[in-house]
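Enquirer: One structure coming up, written as structure tokens, with questions to follow.
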Amino acid sequence: MKQNTAVLGLFLLFILPIIIVSCSQSSSEPIKIGLAVNLSGRGGEAGESIRDGALLAVKEINEQGGIEGRRLELLVRDDENNDEGIRKADESLIDNQVLAVIGHSYSANTIKAYPIVTAKNTVLITAYSATNSLSKKDDLFLRTSVDCRLYGRKATKLLQKKGISSVAFLMDMTNAAFAVDYVKSVKKYYSGKISTTRFFSRENTDWDQVAKTLLEPQPEAVFLLTEATMTAVILQELQSRKYQGIRLATLWAQNPNLLKFAGRTAEGLSLISYIEPDNQRQTYLEFSKKMVEKFKKPASGRSVRSYSLVRILADALRRCPSINPAELKKSLLAGKYETLMGQVKFDQYGDVIRPVYEIIVRDGRFQNNGEI
């Protein structure tokens, strides 16, 4: 008996301190999350806004005590907006044992990242990808962005409200996963006539020919599935042809660059978006002020989405009984989140539930015309 007691004493003397130190180190280690977006390829400026919004959120979370005393650490990688860059960015983050990867900034890039990230038992979460190919899957993929299924229903409702019987889509196939899914989703619900014109913004574009082809069916409306600068170019082409029909675009074009480059040609343009302009929530106004103070640039739809997404992750992490991807997913699905853009929650598959609006350009500003 005495011998057993002596052995137990020796065990406690040598082993217990190791256990205590190990637990202490584990509880003090930062919780790593990754951000993989385009920072240097075409459209890299948008990626910088995404990065800055995420960095501001992490800074505030850590100043407020982190996640139950543990720091949140953001590892940033440039996916260069190409296949090899995406692979390297995601593999680097996984090698650094991040719990979740926030990425990517285009639907096509998120689709490519999906098998790389989720196969390694890592959460993939995005605020920028609308592709239907990742919808309704019970997996480790979640998003705070609306998918094309919902956009299709809302676009159809808006077209019907405006009495449009024919619409011509301009599709930038550089982001084909978004453009193709968007048109397919509208076709599912819309009974009017649909025509399509495709181009690649990464290639030299004959805008005269693009505009001619787009307007050849004499559509009552044109629907621009293009980013802000490309939208500005085609709006100018439409004006030069004195096009009088309805012009529509998407959240992809809801960027100050549209107003900067399109000028008066953007007046009256309708955008289907879940991002409210003229956001007067106090939390958003404070966020906007901090963005200018820290990064010397105004808040944008991209920075507010990344900031909100990191805040959602932190909220879910605080409710996790243990920190691992499976528990994080459960916690994310169980919560309702008050964000800078209103309440967000997920359905059982991790797809977002949130309102969608018609945004109209009036007097050189994006203005909310109400929920669709």
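Every chain in the structure tokens takes a letter, A first, then B, and so on in the order presented; its residues are numbered from 1, and the ligands are numbered from 1 following the presented order.
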Fewer than 4 positions away in the same chain doesn't count, so skip those; otherwise give me all residues within 12 Å of Pro325 (chain A), counting only C-alpha atoms, as a PyMOL selection string.
Expert: chain A and resi 31-33+97-101+117-125+139-142+313+316-317+320-321+329-332
Enquirer: Kindly save the residues from that selection, with N, CA, C and O atoms included, as a compact mmCIF listing (two decimals), in the first residue's frame.
Expert:
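Wrote it out as out.txt, contents follow:
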# COMPACT_ATOMS: atom_id res chain seq x y z
N ILE A 31 -6.44 31.04 -31.64
CA ILE A 31 -7.32 30.31 -32.55
C ILE A 31 -7.08 30.89 -33.94
O ILE A 31 -7.31 32.08 -34.18
N LYS A 32 -6.62 30.06 -34.84
CA LYS A 32 -6.24 30.54 -36.17
C LYS A 32 -7.39 30.39 -37.17
O LYS A 32 -8.01 29.33 -37.27
N ILE A 33 -7.65 31.46 -37.90
CA ILE A 33 -8.55 31.39 -39.04
C ILE A 33 -7.80 31.97 -40.25
O ILE A 33 -6.91 32.80 -40.10
N GLN A 97 -2.73 24.96 -39.84
CA GLN A 97 -3.76 24.44 -38.92
C GLN A 97 -4.82 25.48 -38.56
O GLN A 97 -5.21 25.63 -37.40
N VAL A 98 -5.32 26.17 -39.58
CA VAL A 98 -6.43 27.07 -39.33
C VAL A 98 -7.70 26.27 -39.10
O VAL A 98 -7.86 25.16 -39.63
N LEU A 99 -8.59 26.81 -38.31
CA LEU A 99 -9.87 26.16 -38.03
C LEU A 99 -10.84 26.35 -39.19
O LEU A 99 -11.65 25.48 -39.49
N ALA A 100 -10.75 27.51 -39.82
CA ALA A 100 -11.65 27.84 -40.92
C ALA A 100 -10.91 28.70 -41.93
O ALA A 100 -10.00 29.45 -41.58
N VAL A 101 -11.34 28.59 -43.19
CA VAL A 101 -10.82 29.44 -44.26
C VAL A 101 -11.96 30.32 -44.74
O VAL A 101 -13.02 29.82 -45.12
N VAL A 117 -10.19 22.42 -49.20
CA VAL A 117 -10.38 22.82 -47.80
C VAL A 117 -11.21 21.80 -47.03
O VAL A 117 -10.81 21.32 -45.96
N THR A 118 -12.39 21.46 -47.54
CA THR A 118 -13.29 20.60 -46.77
C THR A 118 -12.76 19.18 -46.62
O THR A 118 -13.06 18.50 -45.64
N ALA A 119 -11.96 18.72 -47.61
CA ALA A 119 -11.38 17.38 -47.50
C ALA A 119 -10.40 17.27 -46.35
O ALA A 119 -10.10 16.17 -45.87
N LYS A 120 -9.89 18.40 -45.89
CA LYS A 120 -8.94 18.43 -44.78
C LYS A 120 -9.64 18.76 -43.46
O LYS A 120 -9.02 19.24 -42.51
N ASN A 121 -10.96 18.50 -43.42
CA ASN A 121 -11.74 18.72 -42.20
C ASN A 121 -11.59 20.15 -41.69
O ASN A 121 -11.38 20.41 -40.50
N THR A 122 -11.70 21.10 -42.61
CA THR A 122 -11.59 22.52 -42.30
C THR A 122 -12.83 23.23 -42.82
O THR A 122 -13.30 22.95 -43.92
N VAL A 123 -13.37 24.14 -42.02
CA VAL A 123 -14.55 24.90 -42.44
C VAL A 123 -14.17 25.88 -43.55
O VAL A 123 -13.15 26.56 -43.47
N LEU A 124 -14.98 25.92 -44.60
CA LEU A 124 -14.84 26.92 -45.66
C LEU A 124 -16.07 27.82 -45.59
O LEU A 124 -17.21 27.33 -45.70
N ILE A 125 -15.86 29.10 -45.40
CA ILE A 125 -16.98 30.03 -45.26
C ILE A 125 -16.70 31.28 -46.09
O ILE A 125 -15.57 31.75 -46.15
N ASP A 139 -22.28 19.78 -45.32
CA ASP A 139 -20.83 19.68 -45.36
C ASP A 139 -20.23 20.77 -44.49
O ASP A 139 -20.91 21.34 -43.64
N LEU A 140 -18.98 21.07 -44.71
CA LEU A 140 -18.30 22.10 -43.91
C LEU A 140 -18.24 23.45 -44.64
O LEU A 140 -17.43 24.30 -44.31
N PHE A 141 -19.11 23.62 -45.62
CA PHE A 141 -19.17 24.89 -46.34
C PHE A 141 -20.38 25.70 -45.88
O PHE A 141 -21.50 25.20 -45.83
N LEU A 142 -20.13 26.98 -45.54
CA LEU A 142 -21.20 27.90 -45.17
C LEU A 142 -20.96 29.24 -45.87
O LEU A 142 -19.85 29.53 -46.30
N LEU A 313 -18.13 34.41 -36.89
CA LEU A 313 -17.26 33.30 -36.48
C LEU A 313 -16.91 33.40 -35.00
O LEU A 313 -16.94 32.40 -34.27
N ALA A 316 -19.87 32.43 -32.81
CA ALA A 316 -20.06 30.97 -32.81
C ALA A 316 -18.97 30.27 -32.01
O ALA A 316 -19.24 29.31 -31.26
N LEU A 317 -17.74 30.72 -32.13
CA LEU A 317 -16.62 30.11 -31.39
C LEU A 317 -16.81 30.21 -29.89
O LEU A 317 -16.48 29.28 -29.14
N CYS A 320 -18.92 27.37 -28.69
CA CYS A 320 -18.48 26.00 -28.95
C CYS A 320 -18.07 25.31 -27.64
O CYS A 320 -17.23 25.86 -26.92
N PRO A 321 -18.60 24.11 -27.35
CA PRO A 321 -18.14 23.39 -26.16
C PRO A 321 -16.67 22.98 -26.26
O PRO A 321 -15.97 22.87 -25.26
N LYS A 329 -19.23 24.28 -36.88
CA LYS A 329 -20.36 24.22 -37.80
C LYS A 329 -21.68 24.16 -37.03
O LYS A 329 -22.61 24.91 -37.34
N LYS A 330 -21.76 23.30 -36.03
CA LYS A 330 -22.99 23.20 -35.23
C LYS A 330 -23.35 24.54 -34.60
O LYS A 330 -24.51 24.96 -34.59
N SER A 331 -22.35 25.20 -34.06
CA SER A 331 -22.58 26.48 -33.40
C SER A 331 -23.02 27.55 -34.40
O SER A 331 -23.92 28.34 -34.12
N LEU A 332 -22.40 27.56 -35.57
CA LEU A 332 -22.80 28.53 -36.60
C LEU A 332 -24.25 28.33 -37.02
O LEU A 332 -25.01 29.30 -37.15
Enquirer: Each residue of region 203-256 of chain A with at least one atom at most 10 Å from region 295-301 of chain A should appear once, together with its nearest atom pair and the corresponding distance in Å (one decimal); atoms considered: only C-alpha atoms; ordering: chain, then increasing residue number; output as JSON lines.
Expert:
{"residue": "A:Leu251", "atom": "CA", "partner": "A:Gly301", "partner_atom": "CA", "distance": 8.8}
{"residue": "A:Trp252", "atom": "CA", "partner": "A:Gly301", "partner_atom": "CA", "distance": 9.7}
{"residue": "A:Gln254", "atom": "CA", "partner": "A:Gly301", "partner_atom": "CA", "distance": 7.6}
{"residue": "A:Asn255", "atom": "CA", "partner": "A:Gly301", "partner_atom": "CA", "distance": 7.2}
{"residue": "A:Pro256", "atom": "CA", "partner": "A:Ser300", "partner_atom": "CA", "distance": 8.0}
Enquirer: If I take CA of Asp315 (chain A) and CA of Tyr151 (chain A), how far is one from the other in Å, to one decimal?
Expert: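 Rounded to one decimal, the two atoms are 27.6 Å apart.
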Enquirer: Mind the document's chain letters and residue numbers, and return as a PDB file with N, CA, C and O atoms, in the first residue's frame the residues of region 133-206 of chain A that DSSP labels strand (DSSP E).
Expert:
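Written out: part_8.pdb:
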ATOM      1  N   PHE A 141     -19.112  23.624 -45.622  1.00  0.00           N
ATOM      2  CA  PHE A 141     -19.174  24.892 -46.343  1.00  0.00           C
ATOM      3  C   PHE A 141     -20.382  25.699 -45.880  1.00  0.00           C
ATOM      4  O   PHE A 141     -21.503  25.197 -45.830  1.00  0.00           O
ATOM      5  N   LEU A 142     -20.134  26.980 -45.545  1.00  0.00           N
ATOM      6  CA  LEU A 142     -21.201  27.904 -45.174  1.00  0.00           C
ATOM      7  C   LEU A 142     -20.956  29.236 -45.870  1.00  0.00           C
ATOM      8  O   LEU A 142     -19.848  29.526 -46.302  1.00  0.00           O
ATOM      9  N   ARG A 143     -22.005  30.036 -45.947  1.00  0.00           N
ATOM     10  CA  ARG A 143     -21.829  31.366 -46.552  1.00  0.00           C
ATOM     11  C   ARG A 143     -22.843  32.353 -46.000  1.00  0.00           C
ATOM     12  O   ARG A 143     -23.953  31.980 -45.606  1.00  0.00           O
ATOM     13  N   SER A 166     -39.274  40.629 -71.986  1.00  0.00           N
ATOM     14  CA  SER A 166     -38.064  40.098 -72.618  1.00  0.00           C
ATOM     15  C   SER A 166     -36.845  40.740 -71.978  1.00  0.00           C
ATOM     16  O   SER A 166     -36.824  41.938 -71.685  1.00  0.00           O
ATOM     17  N   VAL A 167     -35.813  39.941 -71.744  1.00  0.00           N
ATOM     18  CA  VAL A 167     -34.606  40.428 -71.081  1.00  0.00           C
ATOM     19  C   VAL A 167     -33.373  39.801 -71.721  1.00  0.00           C
ATOM     20  O   VAL A 167     -33.376  38.623 -72.084  1.00  0.00           O
ATOM     21  N   ALA A 168     -32.336  40.623 -71.884  1.00  0.00           N
ATOM     22  CA  ALA A 168     -31.066  40.155 -72.441  1.00  0.00           C
ATOM     23  C   ALA A 168     -29.997  40.211 -71.361  1.00  0.00           C
ATOM     24  O   ALA A 168     -29.773  41.264 -70.755  1.00  0.00           O
ATOM     25  N   PHE A 169     -29.366  39.087 -71.111  1.00  0.00           N
ATOM     26  CA  PHE A 169     -28.318  38.995 -70.094  1.00  0.00           C
ATOM     27  C   PHE A 169     -26.946  39.163 -70.731  1.00  0.00           C
ATOM     28  O   PHE A 169     -26.644  38.533 -71.750  1.00  0.00           O
ATOM     29  N   LEU A 170     -26.119  40.008 -70.108  1.00  0.00           N
ATOM     30  CA  LEU A 170     -24.706  40.090 -70.476  1.00  0.00           C
ATOM     31  C   LEU A 170     -23.921  39.340 -69.421  1.00  0.00           C
ATOM     32  O   LEU A 170     -23.935  39.703 -68.240  1.00  0.00           O
ATOM     33  N   MET A 171     -23.221  38.282 -69.838  1.00  0.00           N
ATOM     34  CA  MET A 171     -22.585  37.363 -68.900  1.00  0.00           C
ATOM     35  C   MET A 171     -21.061  37.428 -69.011  1.00  0.00           C
ATOM     36  O   MET A 171     -20.502  37.110 -70.056  1.00  0.00           O
ATOM     37  N   ASP A 172     -20.415  37.879 -67.931  1.00  0.00           N
ATOM     38  CA  ASP A 172     -18.950  37.849 -67.886  1.00  0.00           C
ATOM     39  C   ASP A 172     -18.530  36.443 -67.493  1.00  0.00           C
ATOM     40  O   ASP A 172     -18.644  36.045 -66.329  1.00  0.00           O
ATOM     41  N   LYS A 193     -39.176  36.114 -72.493  1.00  0.00           N
ATOM     42  CA  LYS A 193     -38.122  35.747 -73.438  1.00  0.00           C
ATOM     43  C   LYS A 193     -36.757  36.149 -72.883  1.00  0.00           C
ATOM     44  O   LYS A 193     -36.566  37.261 -72.405  1.00  0.00           O
ATOM     45  N   ILE A 194     -35.786  35.221 -72.960  1.00  0.00           N
ATOM     46  CA  ILE A 194     -34.436  35.468 -72.451  1.00  0.00           C
ATOM     47  C   ILE A 194     -33.419  35.237 -73.561  1.00  0.00           C
ATOM     48  O   ILE A 194     -33.460  34.228 -74.270  1.00  0.00           O
ATOM     49  N   SER A 195     -32.506  36.184 -73.720  1.00  0.00           N
ATOM     50  CA  SER A 195     -31.364  36.011 -74.624  1.00  0.00           C
ATOM     51  C   SER A 195     -30.084  36.253 -73.820  1.00  0.00           C
ATOM     52  O   SER A 195     -30.116  36.890 -72.772  1.00  0.00           O
ATOM     53  N   THR A 196     -28.971  35.745 -74.316  1.00  0.00           N
ATOM     54  CA  THR A 196     -27.714  35.881 -73.585  1.00  0.00           C
ATOM     55  C   THR A 196     -26.578  36.286 -74.514  1.00  0.00           C
ATOM     56  O   THR A 196     -26.536  35.877 -75.679  1.00  0.00           O
ATOM     57  N   THR A 197     -25.672  37.090 -73.978  1.00  0.00           N
ATOM     58  CA  THR A 197     -24.437  37.462 -74.662  1.00  0.00           C
ATOM     59  C   THR A 197     -23.287  37.217 -73.708  1.00  0.00           C
ATOM     60  O   THR A 197     -23.325  37.697 -72.559  1.00  0.00           O
ATOM     61  N   ARG A 198     -22.299  36.481 -74.154  1.00  0.00           N
ATOM     62  CA  ARG A 198     -21.189  36.112 -73.274  1.00  0.00           C
ATOM     63  C   ARG A 198     -19.888  36.791 -73.726  1.00  0.00           C
ATOM     64  O   ARG A 198     -19.667  36.988 -74.926  1.00  0.00           O
ATOM     65  N   PHE A 199     -19.048  37.133 -72.749  1.00  0.00           N
ATOM     66  CA  PHE A 199     -17.720  37.674 -73.043  1.00  0.00           C
ATOM     67  C   PHE A 199     -16.797  37.347 -71.876  1.00  0.00           C
ATOM     68  O   PHE A 199     -17.251  36.908 -70.815  1.00  0.00           O
TER      69      PHE A 199
END
Enquirer: With 12 Å as the cut-off and only C-alpha atoms counted, what is the closest atom pair between each nearby residue of region 239-313 of chain A and region 351-356 of chain A? Distances in Å to one decimal, ordered by chain and number, as JSON lines.
Expert:
{"residue": "A:Thr250", "atom": "CA", "partner": "A:Val356", "partner_atom": "CA", "distance": 11.0}
{"residue": "A:Leu251", "atom": "CA", "partner": "A:Val356", "partner_atom": "CA", "distance": 10.2}
{"residue": "A:Leu271", "atom": "CA", "partner": "A:Val356", "partner_atom": "CA", "distance": 10.2}
{"residue": "A:Ile272", "atom": "CA", "partner": "A:Val356", "partner_atom": "CA", "distance": 7.0}
{"residue": "A:Ser273", "atom": "CA", "partner": "A:Val356", "partner_atom": "CA", "distance": 5.6}
{"residue": "A:Tyr274", "atom": "CA", "partner": "A:Val356", "partner_atom": "CA", "distance": 4.4}
{"residue": "A:Ile275", "atom": "CA", "partner": "A:Val356", "partner_atom": "CA", "distance": 7.8}
{"residue": "A:Glu276", "atom": "CA", "partner": "A:Val356", "partner_atom": "CA", "distance": 8.9}
{"residue": "A:Leu309", "atom": "CA", "partner": "A:Val352", "partner_atom": "CA", "distance": 11.6}
Enquirer: Output all heavy atoms of each residue in that selection to a file, as an mmCIF file, in the first residue's frame.
Expert:
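Output below, filename again-v7.cif:
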data_model
loop_
_atom_site.group_PDB
_atom_site.id
_atom_site.type_symbol
_atom_site.label_atom_id
_atom_site.label_comp_id
_atom_site.auth_asym_id
_atom_site.auth_seq_id
_atom_site.Cartn_x
_atom_site.Cartn_y
_atom_site.Cartn_z
ATOM 1 N N THR A 250 -26.247 43.473 -60.635
ATOM 2 C CA THR A 250 -26.217 42.671 -59.416
ATOM 3 C C THR A 250 -25.319 43.315 -58.363
ATOM 4 O O THR A 250 -24.669 44.334 -58.599
ATOM 5 C CB THR A 250 -25.678 41.258 -59.707
ATOM 6 O OG1 THR A 250 -24.266 41.346 -59.979
ATOM 7 C CG2 THR A 250 -26.387 40.630 -60.895
ATOM 8 N N LEU A 251 -25.284 42.674 -57.219
ATOM 9 C CA LEU A 251 -24.397 43.102 -56.136
ATOM 10 C C LEU A 251 -22.954 43.225 -56.618
ATOM 11 O O LEU A 251 -22.193 44.039 -56.093
ATOM 12 C CB LEU A 251 -24.507 42.095 -54.987
ATOM 13 C CG LEU A 251 -23.620 42.250 -53.761
ATOM 14 C CD1 LEU A 251 -24.342 41.725 -52.525
ATOM 15 C CD2 LEU A 251 -22.310 41.497 -53.905
ATOM 16 N N LEU A 271 -30.179 47.494 -59.119
ATOM 17 C CA LEU A 271 -29.322 46.379 -58.721
ATOM 18 C C LEU A 271 -30.080 45.501 -57.730
ATOM 19 O O LEU A 271 -30.779 46.014 -56.843
ATOM 20 C CB LEU A 271 -28.031 46.883 -58.067
ATOM 21 C CG LEU A 271 -27.132 47.779 -58.916
ATOM 22 C CD1 LEU A 271 -27.425 49.246 -58.628
ATOM 23 C CD2 LEU A 271 -25.665 47.483 -58.657
ATOM 24 N N ILE A 272 -29.931 44.210 -57.885
ATOM 25 C CA ILE A 272 -30.532 43.259 -56.947
ATOM 26 C C ILE A 272 -29.446 42.848 -55.967
ATOM 27 O O ILE A 272 -28.441 42.260 -56.351
ATOM 28 C CB ILE A 272 -31.111 42.049 -57.697
ATOM 29 C CG1 ILE A 272 -32.236 42.514 -58.630
ATOM 30 C CG2 ILE A 272 -31.640 41.010 -56.708
ATOM 31 C CD1 ILE A 272 -32.794 41.430 -59.514
ATOM 32 N N SER A 273 -29.651 43.171 -54.694
ATOM 33 C CA SER A 273 -28.563 43.065 -53.722
ATOM 34 C C SER A 273 -29.114 42.870 -52.318
ATOM 35 O O SER A 273 -30.239 43.269 -52.010
ATOM 36 C CB SER A 273 -27.722 44.352 -53.772
ATOM 37 O OG SER A 273 -26.785 44.409 -52.722
ATOM 38 N N TYR A 274 -28.306 42.268 -51.454
ATOM 39 C CA TYR A 274 -28.686 42.183 -50.045
ATOM 40 C C TYR A 274 -27.944 43.222 -49.197
ATOM 41 O O TYR A 274 -28.083 43.246 -47.977
ATOM 42 C CB TYR A 274 -28.447 40.771 -49.485
ATOM 43 C CG TYR A 274 -27.017 40.287 -49.502
ATOM 44 C CD1 TYR A 274 -26.140 40.610 -48.480
ATOM 45 C CD2 TYR A 274 -26.553 39.484 -50.540
ATOM 46 C CE1 TYR A 274 -24.828 40.153 -48.494
ATOM 47 C CE2 TYR A 274 -25.251 39.024 -50.557
ATOM 48 C CZ TYR A 274 -24.394 39.357 -49.535
ATOM 49 O OH TYR A 274 -23.089 38.914 -49.543
ATOM 50 N N ILE A 275 -27.164 44.081 -49.846
ATOM 51 C CA ILE A 275 -26.421 45.108 -49.118
ATOM 52 C C ILE A 275 -27.173 46.432 -49.183
ATOM 53 O O ILE A 275 -27.380 46.992 -50.266
ATOM 54 C CB ILE A 275 -25.006 45.284 -49.681
ATOM 55 C CG1 ILE A 275 -24.207 43.995 -49.504
ATOM 56 C CG2 ILE A 275 -24.287 46.444 -48.998
ATOM 57 C CD1 ILE A 275 -22.803 44.062 -50.017
ATOM 58 N N GLU A 276 -27.599 46.928 -48.039
ATOM 59 C CA GLU A 276 -28.319 48.194 -47.980
ATOM 60 C C GLU A 276 -27.352 49.373 -48.128
ATOM 61 O O GLU A 276 -26.369 49.449 -47.402
ATOM 62 C CB GLU A 276 -29.040 48.349 -46.639
ATOM 63 C CG GLU A 276 -30.081 47.313 -46.325
ATOM 64 C CD GLU A 276 -30.621 47.496 -44.934
ATOM 65 O OE1 GLU A 276 -31.509 48.355 -44.759
ATOM 66 O OE2 GLU A 276 -30.147 46.803 -44.022
ATOM 67 N N LEU A 309 -18.566 38.752 -41.209
ATOM 68 C CA LEU A 309 -18.317 37.310 -41.202
ATOM 69 C C LEU A 309 -17.385 36.914 -40.059
ATOM 70 O O LEU A 309 -17.631 35.922 -39.362
ATOM 71 C CB LEU A 309 -17.747 36.882 -42.547
ATOM 72 C CG LEU A 309 -17.735 35.371 -42.832
ATOM 73 C CD1 LEU A 309 -17.750 35.114 -44.325
ATOM 74 C CD2 LEU A 309 -16.516 34.701 -42.229
#
Enquirer: Provide the CA of Lys290 (chain A) to CA of Asp278 (chain A) distance in Å, to one decimal place.
Expert: 16.9 Å
Enquirer: Select, from A:Ala221, A:Leu238, A:Leu72, A:Ile111, the residue with the minimum atom-to-atom distance to Leu134 (chain A), counting only C-alpha atoms.
Expert: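 Among the listed residues, the smallest separation from Leu134 (chain A) belongs to A:Ile111.
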Enquirer: Could you jot down the CA of Ala54 (chain A) to CA of Lys88 (chain A) separation for me, Å, one decimal place?
Expert: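 One can read the CA of Ala54 (chain A) to CA of Lys88 (chain A) distance as 20.5 Å.
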Enquirer: Given only C-alpha atoms as the basis, pick out the residue of A:Val292, A:Ala108, A:Leu214, A:Leu75 nearest to Ser49 (chain A).
Expert: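 So, comparing all the options, the nearest one is A:Val292.
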Enquirer: Of the candidates A:Gln209, A:Gln236, A:Ser303, A:Ser107, which shows the shortest atom-to-atom distance to Ala176 (chain A), using only C-alpha atoms?
Expert: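 Going through A:Gln209, A:Gln236, A:Ser303, A:Ser107 one by one, the smallest distance to Ala176 (chain A) is for A:Ser107.
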Enquirer: Name the residues in contact with Gly66 (chain A) at a cut-off of 12 Å, using only C-alpha atoms, excluding same-chain residues fewer than 2 positions from it; report them as a ChimeraX atom specification.
Expert: /A:27-32,57-64,68-73,311,313-315,317-318
Enquirer: Would you list the contacts of Ser145 (chain A) as a PDB file with N, CA, C and O atoms, in the first residue's frame, taking every protein, DNA or RNA residue within 8 Å and counting only C-alpha atoms, but skipping same-chain residues closer than 5 positions in sequence?
Expert:
ATOM      1  N   THR A 126     -17.716  31.782 -46.769  1.00  0.00           N
ATOM      2  CA  THR A 126     -17.514  32.913 -47.663  1.00  0.00           C
ATOM      3  C   THR A 126     -18.652  33.911 -47.543  1.00  0.00           C
ATOM      4  O   THR A 126     -19.771  33.555 -47.160  1.00  0.00           O
ATOM      5  N   ALA A 127     -18.357  35.145 -47.896  1.00  0.00           N
ATOM      6  CA  ALA A 127     -19.380  36.189 -47.963  1.00  0.00           C
ATOM      7  C   ALA A 127     -19.531  36.693 -49.391  1.00  0.00           C
ATOM      8  O   ALA A 127     -20.137  37.733 -49.620  1.00  0.00           O
ATOM      9  N   TYR A 128     -18.997  35.928 -50.381  1.00  0.00           N
ATOM     10  CA  TYR A 128     -18.892  36.466 -51.737  1.00  0.00           C
ATOM     11  C   TYR A 128     -19.335  35.516 -52.843  1.00  0.00           C
ATOM     12  O   TYR A 128     -19.371  35.938 -54.001  1.00  0.00           O
ATOM     13  N   SER A 129     -19.671  34.287 -52.553  1.00  0.00           N
ATOM     14  CA  SER A 129     -19.937  33.302 -53.605  1.00  0.00           C
ATOM     15  C   SER A 129     -21.413  32.926 -53.646  1.00  0.00           C
ATOM     16  O   SER A 129     -21.972  32.481 -52.646  1.00  0.00           O
ATOM     17  N   ALA A 130     -22.023  33.077 -54.827  1.00  0.00           N
ATOM     18  CA  ALA A 130     -23.460  32.837 -54.969  1.00  0.00           C
ATOM     19  C   ALA A 130     -23.784  31.564 -55.746  1.00  0.00           C
ATOM     20  O   ALA A 130     -24.956  31.245 -55.925  1.00  0.00           O
ATOM     21  N   ASP A 351     -26.539  27.620 -45.785  1.00  0.00           N
ATOM     22  CA  ASP A 351     -26.852  28.711 -46.708  1.00  0.00           C
ATOM     23  C   ASP A 351     -27.571  29.811 -45.939  1.00  0.00           C
ATOM     24  O   ASP A 351     -28.348  29.542 -45.022  1.00  0.00           O
ATOM     25  N   VAL A 352     -27.350  31.047 -46.326  1.00  0.00           N
ATOM     26  CA  VAL A 352     -27.816  32.177 -45.529  1.00  0.00           C
ATOM     27  C   VAL A 352     -29.300  32.464 -45.748  1.00  0.00           C
ATOM     28  O   VAL A 352     -29.857  32.195 -46.815  1.00  0.00           O
TER      29      VAL A 352
END
Enquirer: Please identify which residues in region 70-257 of chain A DSSP calls helix (DSSP H, G or I) from the backbone, and express them as a VMD selection string.
Expert: chain A and resid 83 to 95 107 to 118 132 to 134 148 to 161 173 to 189 207 to 215 228 to 240 251 to 253 256 to 257
Enquirer: Could you list, as a list in words, every residue within 9 Å of Val180 (chain A), counting only C-alpha atoms and ignoring same-chain residues fewer than 5 positions away?
Expert: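 In the requested format, the answer is Thr131, Met171, Met173, Asn175 and Ser185 of chain A.
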Enquirer: Write to file, as a short mmCIF file (atom, residue, chain, number, x, y, z; two decimals), in the first residue's frame, the residues of the selection just made, with all heavy atoms.
Expert:
data_model
loop_
_atom_site.label_atom_id
_atom_site.label_comp_id
_atom_site.auth_asym_id
_atom_site.auth_seq_id
_atom_site.Cartn_x
_atom_site.Cartn_y
_atom_site.Cartn_z
N THR A 131 -22.79 30.83 -56.20
CA THR A 131 -23.02 29.66 -57.03
C THR A 131 -23.98 28.65 -56.38
O THR A 131 -23.91 28.40 -55.18
CB THR A 131 -21.70 28.94 -57.36
OG1 THR A 131 -21.97 27.75 -58.10
CG2 THR A 131 -20.94 28.57 -56.10
N MET A 171 -23.22 38.28 -69.84
CA MET A 171 -22.59 37.36 -68.90
C MET A 171 -21.06 37.43 -69.01
O MET A 171 -20.50 37.11 -70.06
CB MET A 171 -23.06 35.94 -69.18
CG MET A 171 -24.58 35.77 -69.16
SD MET A 171 -25.13 34.19 -69.86
CE MET A 171 -24.42 33.02 -68.69
N MET A 173 -18.02 35.69 -68.46
CA MET A 173 -17.69 34.29 -68.23
C MET A 173 -16.38 34.11 -67.47
O MET A 173 -15.97 32.98 -67.18
CB MET A 173 -17.65 33.55 -69.56
CG MET A 173 -18.99 33.57 -70.29
SD MET A 173 -20.35 32.89 -69.29
CE MET A 173 -19.92 31.15 -69.34
N ASN A 175 -16.29 34.88 -64.51
CA ASN A 175 -16.90 34.34 -63.29
C ASN A 175 -18.12 33.51 -63.70
O ASN A 175 -19.25 33.78 -63.29
CB ASN A 175 -17.30 35.47 -62.35
CG ASN A 175 -17.61 34.98 -60.93
OD1 ASN A 175 -17.30 33.85 -60.57
ND2 ASN A 175 -18.21 35.85 -60.15
N SER A 185 -31.12 30.17 -62.93
CA SER A 185 -32.09 30.36 -61.86
C SER A 185 -33.23 31.26 -62.30
O SER A 185 -34.39 31.03 -61.95
CB SER A 185 -31.40 30.95 -60.62
OG SER A 185 -30.44 30.05 -60.10
#
